[in-house]
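Trainee: Structure in structure tokens, see below.
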Amino acid sequence: MTQSIYYIDKSSNTFADNLATFGLAFVLDAITDGKATITLEDRGGAFVVVCESEITEKHIERCKFFAGAPFLITTKDGKRLVKGTLLTPKELPEPDGDTVVDYEMEKRDTNQFFEWLKTLSPEDKKAYMQGKELPDAMRPPSTPSPNWDIWRAINPAALQGYNALMAEWWHGNQQEEFAGILKILLQMTANTPNDMEGVEKAWGKLCKERGWKSKEATANQLLNPTQGKGVNSVKTEWSAPNNLRGFWMLEWLKMVGLFHGGITKMIRGTKDRKTYVLMPLRLQWKKHQEVMKGFKRAMASSSTAIKMDVLAALRYTEEFIKHYEGARSEGANLFGEAPSDLVSGMQMAFYKNLGQSPAVMNIATINLPRWVRPTSPESLAQMNEALEEHIKVASSFEESRGEQFELLSRYRDFLSGNDLEPFFEFTNAYSGFIISQRERGNRFVRQFTTTTLEVLFMNSDEKKFSEIVKNDGFKNIAYAIRHSTVVPQSRKKGKGGKPVVDVRYGLGQQLARKAAYPSEFLAEIGEFIHLYNAENAQLREKDRNPFRKNVTTADIDALTELVDQFGSKVICNMLVAYGYAREPFVGKDDETHEAEVDLPEAESDTDEGGEGEE
């Protein structure tokens with residue numbers, strides 16, 4: 001029984017295995033009273049939870065009962081119920097958030113919060129969402145539970161199965177019974193493959209000794225995205241469309257894990273939802289809890305489907321690197337490691353609301369950005385700024401509009417694949433989007449800054465990009481593109497709103513069309529440089545300053561050498577990205593508007609579905 005390493009088999013290869021791992025880490029932390037260093041690791045065929053100090057018989061015997069997850073009490077026809085169990089609310093403690101939660105109380109507090117939020121001015125609402133202090137008279141009457149989205153997902157479709165799991169664990173609320181339950185759980189995870197047959201027999205024996213009536217657990221789709229109702233027979237014969245069954249203790253670990261390793265969110269404007277679960281590679285438990293707390297707060301608002309995927313990856317990474325300085329002061333130096341070295345990303349499931357219960361329509365993975373790899377406090381600040389800019393750009397898109405939907409899709413492909421090719425597709429399309437939006441009067445469409453792009457490219461796995469962005473010829477030609485497109489367009493002021501120099505609409509698209517052919521690309525860029533320098537000369541002849549520098553022959557020579565060395569496609573894509581980016585210097589002609597804040601929508605007064613059984 002004495003050991004320090006415990007296992008969760010990857011039996012489903014979905015986030016169900018990840019959830020069980022987070023649940024197991026919670027249990028080991030509780031057994032050691034939070035005094036042991038616990039690490040979650042991915043070792044290929046199984047997840048491993050490593051406890052710095054061995055779990056002993058003494059730990060188990062001394063461990064006091066802990067709930068793991070609370071019972072969810074609901075109300076029907078004025079009567080409070082613990083659906084899925086033989087228990088009554090009177091047999092349980094009063095709602096405290098840890099052992100028992102009253103759904104109607106949580107719903108009331110949430111609705112009161114959103115009613116209060118409606119009374120705030122846009123400025124005060126943004127200040128609140130950004131974590132700024134409001135005057136005492138403006139404080140909210142209540143705040144939603146960080147687990148409110150989980151309660152909504154459970155009630156009603158998964159309610160009976162959920163409470164049934166909690167009721168099985170409740171057998172251990174007497175100290176002499178709890179040690180026996182913990183021993184069976186540790187027996188289940190002591191080796192790989194997990195000894196499921198052995199622990200089911202051990203559980204049956206314990207129930208017989210204690211006179212308990214144990215129920216089979218349902219593998220509901222909230223925790224097991226590939227195991228829902230339907231025909232699951234391995235043979236071509238009729239099978240009743242019932243849920244699959246599983247050992248309750250493993251299902252209980254998954255449920256506990258959802259509170260600690262995942263989030264589930266309604267998609268804005270619908271009753272559909274998405275669930276995200278972390279994919280740990282080498283994750284320290286206590287640090288994870290700190291990061292997860294900030295991540296849940298950052299994801300408090302709902303969003304549209306693709307945007308939610310993007311923001312989940314970026315915001316988790318942003319929260320993670322906030323703890324780098326603190327980790328170093330605690331003797332655990334994370335500098336030099338990317339968050340993606342510790343958590344590869346998130347597994348996601350999309351649930352379509354069908355009225356009484358949801359159905360899984362898609363299972364996918366979103367990776368964390370690999371270019372975020374702080375090596376020092378200075379680079380940490382740069383990474384923070386770059387991530388914030390990526391979040392603001394992604395947040396500005398309206399997914400209901402076709403062009404912006406495509407842009408978000410390309411950006412998500414970039415995150416999911418850790419591949420710069422989709423990012424270049426995004427920046428090529430985004431260059432035209434910036435110009436078209438500003439022509440329509442939206443001067444504040446966001447641009448990336450050149451410094452943010454440098455952070456991305458210089459920390460990419462492709463080492464060649466750092467050499468390109470340091471090249472003066474590349475920088476000067478990107479400058480010329482910028483001062484022929486987005487800069488003069490932003491300076492449409494005065495009489496007739498005409499800039500000093502012509503705006504070269506469609507330049508980015510023209511260059512991108514020639515990207516695959518070196519000679520044609522160089523001819524296209526050569527023609528642009530000729531027109532650019534000629535326009536500068538004409539203005540100077542008229543004693544007018546074009547406010548921009550010429551491209552030199554040295555710049556053209558340098559660009560030609562880069563094309564020979566790295567290929568025309570890479571150079572063209574990077575030129576377009578840099579050319580349509582904003583220089584970091586903030587002058588009077590730069591966009592200076594307040595950052596967007598993703599404000600939450602009011603919660604619906606209705607639940608996801610009607611009263612239903614699993």
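Within each chain, counting starts at residue 1; across the structure tokens, chains are named A, B, ... in the order shown, with ligands numbered 1 upward in that order.
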For segment 306-312 of chain A, please output as a ChimeraX atom specification all residues within 7 Å (counting only C-alpha atoms; exclusion window: fewer than 4 positions along the same chain).

Mentor: /A:316,366,391,394,408-409,412

Trainee: Output the selection as a PDB file, in the first residue's frame - N, CA and C atoms for each residue.

Mentor:
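Contents of out36.pdb, freshly written:
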```pdb
ATOM      1  N   TYR A 316      -5.392  31.033 -20.852  1.00  0.00           N
ATOM      2  CA  TYR A 316      -4.739  30.111 -19.932  1.00  0.00           C
ATOM      3  C   TYR A 316      -3.227  30.354 -19.944  1.00  0.00           C
ATOM      4  N   ILE A 366      -7.176  21.944 -28.780  1.00  0.00           N
ATOM      5  CA  ILE A 366      -6.589  23.264 -29.024  1.00  0.00           C
ATOM      6  C   ILE A 366      -5.287  23.325 -28.232  1.00  0.00           C
ATOM      7  N   ILE A 391      -4.904  38.575 -27.692  1.00  0.00           N
ATOM      8  CA  ILE A 391      -6.247  38.452 -27.110  1.00  0.00           C
ATOM      9  C   ILE A 391      -7.146  39.583 -27.598  1.00  0.00           C
ATOM     10  N   ALA A 394      -8.111  38.956 -31.298  1.00  0.00           N
ATOM     11  CA  ALA A 394      -9.096  37.876 -31.407  1.00  0.00           C
ATOM     12  C   ALA A 394     -10.458  38.304 -30.864  1.00  0.00           C
ATOM     13  N   LEU A 408     -10.989  34.192 -37.878  1.00  0.00           N
ATOM     14  CA  LEU A 408     -10.886  33.466 -36.607  1.00  0.00           C
ATOM     15  C   LEU A 408     -10.537  31.997 -36.827  1.00  0.00           C
ATOM     16  N   SER A 409     -11.115  31.387 -37.857  1.00  0.00           N
ATOM     17  CA  SER A 409     -10.838  29.976 -38.148  1.00  0.00           C
ATOM     18  C   SER A 409      -9.371  29.776 -38.482  1.00  0.00           C
ATOM     19  N   ARG A 412      -7.325  30.094 -35.311  1.00  0.00           N
ATOM     20  CA  ARG A 412      -7.453  28.881 -34.488  1.00  0.00           C
ATOM     21  C   ARG A 412      -6.619  27.740 -35.064  1.00  0.00           C
TER      22      ARG A 412
END
```

Trainee: Which residues, written as a list in words, have at least one atom at most 9 Å from Gly204 of chain A, with only C-alpha atoms counted and residues fewer than 5 positions away on the same chain left out?

Mentor: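 Answer for this query is Val199, Glu209 and Ser214 of chain A.
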
Trainee: Could you save the residues just selected, with C-alpha atoms, as a CSV table (one decimal), in the first residue's frame?

Mentor:
```csv
chain,number,residue,atom,x,y,z
A,199,VAL,CA,-11.4,-3.1,-7.0
A,209,GLU,CA,-19.8,-6.2,5.2
A,214,SER,CA,-24.2,0.0,-4.2
```

Trainee: Do you know which residues are at most 10 Å from segment 34-36 of chain A counting only C-alpha atoms, after dropping those on the same chain fewer than 4 positions away, and could you put them as number ranges by chain?

Mentor: A: 26-30, 50-55, 285-286

Trainee: Take the residues just selected and output them with all heavy atoms as a tab-separated table (two decimals), in the first residue's frame.

Mentor:
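Output contents, as saved in part.tsv:
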```
chain	number	residue	atom	x	y	z
A	26	PHE	N	-6.32	15.60	-6.71
A	26	PHE	CA	-7.05	16.23	-5.60
A	26	PHE	C	-7.11	15.30	-4.39
A	26	PHE	O	-6.89	15.72	-3.25
A	26	PHE	CB	-8.47	16.58	-6.06
A	26	PHE	CG	-9.39	16.94	-4.92
A	26	PHE	CD1	-9.39	18.22	-4.39
A	26	PHE	CD2	-10.24	15.99	-4.37
A	26	PHE	CE1	-10.22	18.56	-3.32
A	26	PHE	CE2	-11.07	16.31	-3.30
A	26	PHE	CZ	-11.06	17.59	-2.78
A	27	VAL	N	-7.38	14.02	-4.63
A	27	VAL	CA	-7.49	13.05	-3.53
A	27	VAL	C	-6.16	12.91	-2.81
A	27	VAL	O	-6.08	12.94	-1.57
A	27	VAL	CB	-7.98	11.69	-4.07
A	27	VAL	CG1	-7.86	10.61	-2.98
A	27	VAL	CG2	-9.42	11.79	-4.53
A	28	LEU	N	-5.06	12.76	-3.55
A	28	LEU	CA	-3.75	12.60	-2.92
A	28	LEU	C	-3.36	13.85	-2.14
A	28	LEU	O	-2.75	13.76	-1.06
A	28	LEU	CB	-2.69	12.29	-3.99
A	28	LEU	CG	-2.86	10.98	-4.76
A	28	LEU	CD1	-1.72	10.79	-5.74
A	28	LEU	CD2	-2.96	9.79	-3.81
A	29	ASP	N	-3.71	15.01	-2.67
A	29	ASP	CA	-3.42	16.26	-1.95
A	29	ASP	C	-4.21	16.31	-0.65
A	29	ASP	O	-3.69	16.75	0.39
A	29	ASP	CB	-3.77	17.45	-2.84
A	29	ASP	CG	-3.39	18.78	-2.21
A	29	ASP	OD1	-2.19	18.99	-1.95
A	29	ASP	OD2	-4.30	19.61	-1.98
A	30	ALA	N	-5.47	15.86	-0.69
A	30	ALA	CA	-6.28	15.86	0.53
A	30	ALA	C	-5.78	14.85	1.54
A	30	ALA	O	-5.75	15.11	2.75
A	30	ALA	CB	-7.74	15.56	0.17
A	50	VAL	N	2.41	11.86	-9.21
A	50	VAL	CA	3.56	11.58	-8.35
A	50	VAL	C	3.45	12.40	-7.08
A	50	VAL	O	3.29	13.63	-7.13
A	50	VAL	CB	4.89	11.92	-9.07
A	50	VAL	CG1	6.08	11.58	-8.18
A	50	VAL	CG2	4.99	11.16	-10.40
A	51	CYS	N	3.51	11.73	-5.95
A	51	CYS	CA	3.46	12.38	-4.64
A	51	CYS	C	4.86	12.35	-4.05
A	51	CYS	O	5.48	11.29	-3.94
A	51	CYS	CB	2.47	11.65	-3.74
A	51	CYS	SG	2.11	12.50	-2.20
A	52	GLU	N	5.37	13.52	-3.72
A	52	GLU	CA	6.75	13.63	-3.23
A	52	GLU	C	7.01	12.72	-2.04
A	52	GLU	O	8.04	12.05	-1.95
A	52	GLU	CB	7.06	15.08	-2.87
A	52	GLU	CG	8.47	15.33	-2.40
A	52	GLU	CD	8.65	16.76	-1.93
A	52	GLU	OE1	7.76	17.27	-1.22
A	52	GLU	OE2	9.69	17.36	-2.26
A	53	SER	N	6.08	12.70	-1.11
A	53	SER	CA	6.21	11.80	0.05
A	53	SER	C	5.25	10.63	-0.15
A	53	SER	O	4.14	10.80	-0.63
A	53	SER	CB	5.88	12.54	1.35
A	53	SER	OG	4.58	13.10	1.29
A	54	GLU	N	5.68	9.44	0.22
A	54	GLU	CA	4.87	8.24	0.00
A	54	GLU	C	3.58	8.28	0.81
A	54	GLU	O	3.56	8.76	1.95
A	54	GLU	CB	5.68	7.00	0.36
A	54	GLU	CG	6.86	6.75	-0.57
A	54	GLU	CD	7.60	5.47	-0.22
A	54	GLU	OE1	7.55	5.07	0.96
A	54	GLU	OE2	8.22	4.88	-1.13
A	55	ILE	N	2.52	7.76	0.21
A	55	ILE	CA	1.25	7.60	0.93
A	55	ILE	C	1.36	6.33	1.78
A	55	ILE	O	1.62	5.24	1.27
A	55	ILE	CB	0.07	7.48	-0.04
A	55	ILE	CG1	0.01	8.70	-0.98
A	55	ILE	CG2	-1.24	7.31	0.73
A	55	ILE	CD1	-0.32	9.99	-0.31
A	285	TRP	N	0.81	20.48	-8.90
A	285	TRP	CA	-0.58	20.64	-8.48
A	285	TRP	C	-0.88	22.00	-7.85
A	285	TRP	O	-1.83	22.66	-8.22
A	285	TRP	CB	-0.94	19.51	-7.51
A	285	TRP	CG	-2.30	19.64	-6.90
A	285	TRP	CD1	-2.59	19.96	-5.61
A	285	TRP	CD2	-3.56	19.44	-7.54
A	285	TRP	NE1	-3.94	19.97	-5.40
A	285	TRP	CE2	-4.57	19.65	-6.58
A	285	TRP	CE3	-3.94	19.11	-8.83
A	285	TRP	CZ2	-5.92	19.54	-6.87
A	285	TRP	CZ3	-5.30	18.99	-9.14
A	285	TRP	CH2	-6.26	19.21	-8.16
A	286	LYS	N	-0.07	22.42	-6.91
A	286	LYS	CA	-0.38	23.67	-6.21
A	286	LYS	C	-0.28	24.86	-7.17
A	286	LYS	O	-1.11	25.78	-7.12
A	286	LYS	CB	0.56	23.87	-5.02
A	286	LYS	CG	0.23	22.98	-3.83
A	286	LYS	CD	1.06	23.32	-2.62
A	286	LYS	CE	0.59	22.55	-1.39
A	286	LYS	NZ	0.69	21.11	-1.53
```

Trainee: Which neighbours of Arg80 of chain A fall inside 10 Å, counting only C-alpha atoms, when residues of the same chain fewer than 2 positions from it are skipped, and could you give them as a compact mmCIF listing (two decimals) with N, CA and C atoms, in the first residue's frame?

Mentor:
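Once everything was written out, this is around.txt:
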```txt
# COMPACT_ATOMS: atom_id res chain seq x y z
N ILE A 73 -28.65 20.06 -4.65
CA ILE A 73 -30.06 20.00 -4.26
C ILE A 73 -30.88 20.87 -5.21
N THR A 74 -31.95 20.32 -5.73
CA THR A 74 -32.86 21.07 -6.62
C THR A 74 -34.25 21.13 -6.00
N THR A 75 -35.10 21.93 -6.59
CA THR A 75 -36.46 22.12 -6.07
C THR A 75 -37.47 21.82 -7.17
N LYS A 76 -38.47 20.98 -6.84
CA LYS A 76 -39.55 20.67 -7.78
C LYS A 76 -40.87 20.74 -7.03
N ASP A 77 -41.78 21.55 -7.58
CA ASP A 77 -43.10 21.75 -6.94
C ASP A 77 -42.95 22.19 -5.49
N GLY A 78 -41.97 23.04 -5.24
CA GLY A 78 -41.76 23.58 -3.91
C GLY A 78 -41.06 22.65 -2.94
N VAL A 82 -32.84 15.64 -3.36
CA VAL A 82 -31.48 15.21 -3.73
C VAL A 82 -31.68 14.11 -4.76
N LYS A 83 -32.00 14.50 -5.99
CA LYS A 83 -32.36 13.53 -7.02
C LYS A 83 -31.21 12.57 -7.28
N THR A 88 -32.38 12.66 1.85
CA THR A 88 -33.21 13.87 1.88
C THR A 88 -32.32 15.03 2.29
N PRO A 89 -32.68 16.27 1.94
CA PRO A 89 -31.86 17.42 2.35
C PRO A 89 -31.62 17.50 3.85
N LYS A 90 -32.58 16.98 4.65
CA LYS A 90 -32.41 17.03 6.11
C LYS A 90 -31.27 16.14 6.60
N ASP A 102 -27.20 24.35 -3.07
CA ASP A 102 -28.61 24.50 -3.42
C ASP A 102 -28.69 25.21 -4.77
N TYR A 103 -29.17 24.50 -5.77
CA TYR A 103 -29.18 25.04 -7.14
C TYR A 103 -29.99 26.34 -7.23
N GLU A 104 -31.14 26.37 -6.58
CA GLU A 104 -31.99 27.56 -6.68
C GLU A 104 -31.33 28.77 -6.02
```

Trainee: Which one of A:Phe22, A:Phe259, A:Phe71, A:Tyr7 sits closest to Leu283 of chain A if you count only C-alpha atoms?

Mentor: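 Of all the options, A:Phe22 lies closest to Leu283 of chain A.
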
Trainee: Find the residue from A:Val372, A:Leu380, A:Ile8, A:Leu117 that sits nearest to Pro141 of chain A; use only C-alpha atoms when measuring.

Mentor: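 Of A:Val372, A:Leu380, A:Ile8, A:Leu117, the one nearest Pro141 of chain A, counting only C-alpha atoms, is A:Leu117.
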
Trainee: Separation of atom CA of Glu524 of chain A and atom CA of Pro546 of chain A, in Å?

Mentor: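 Going from atom CA of Glu524 of chain A over to atom CA of Pro546 of chain A, I get 22.5 Å.
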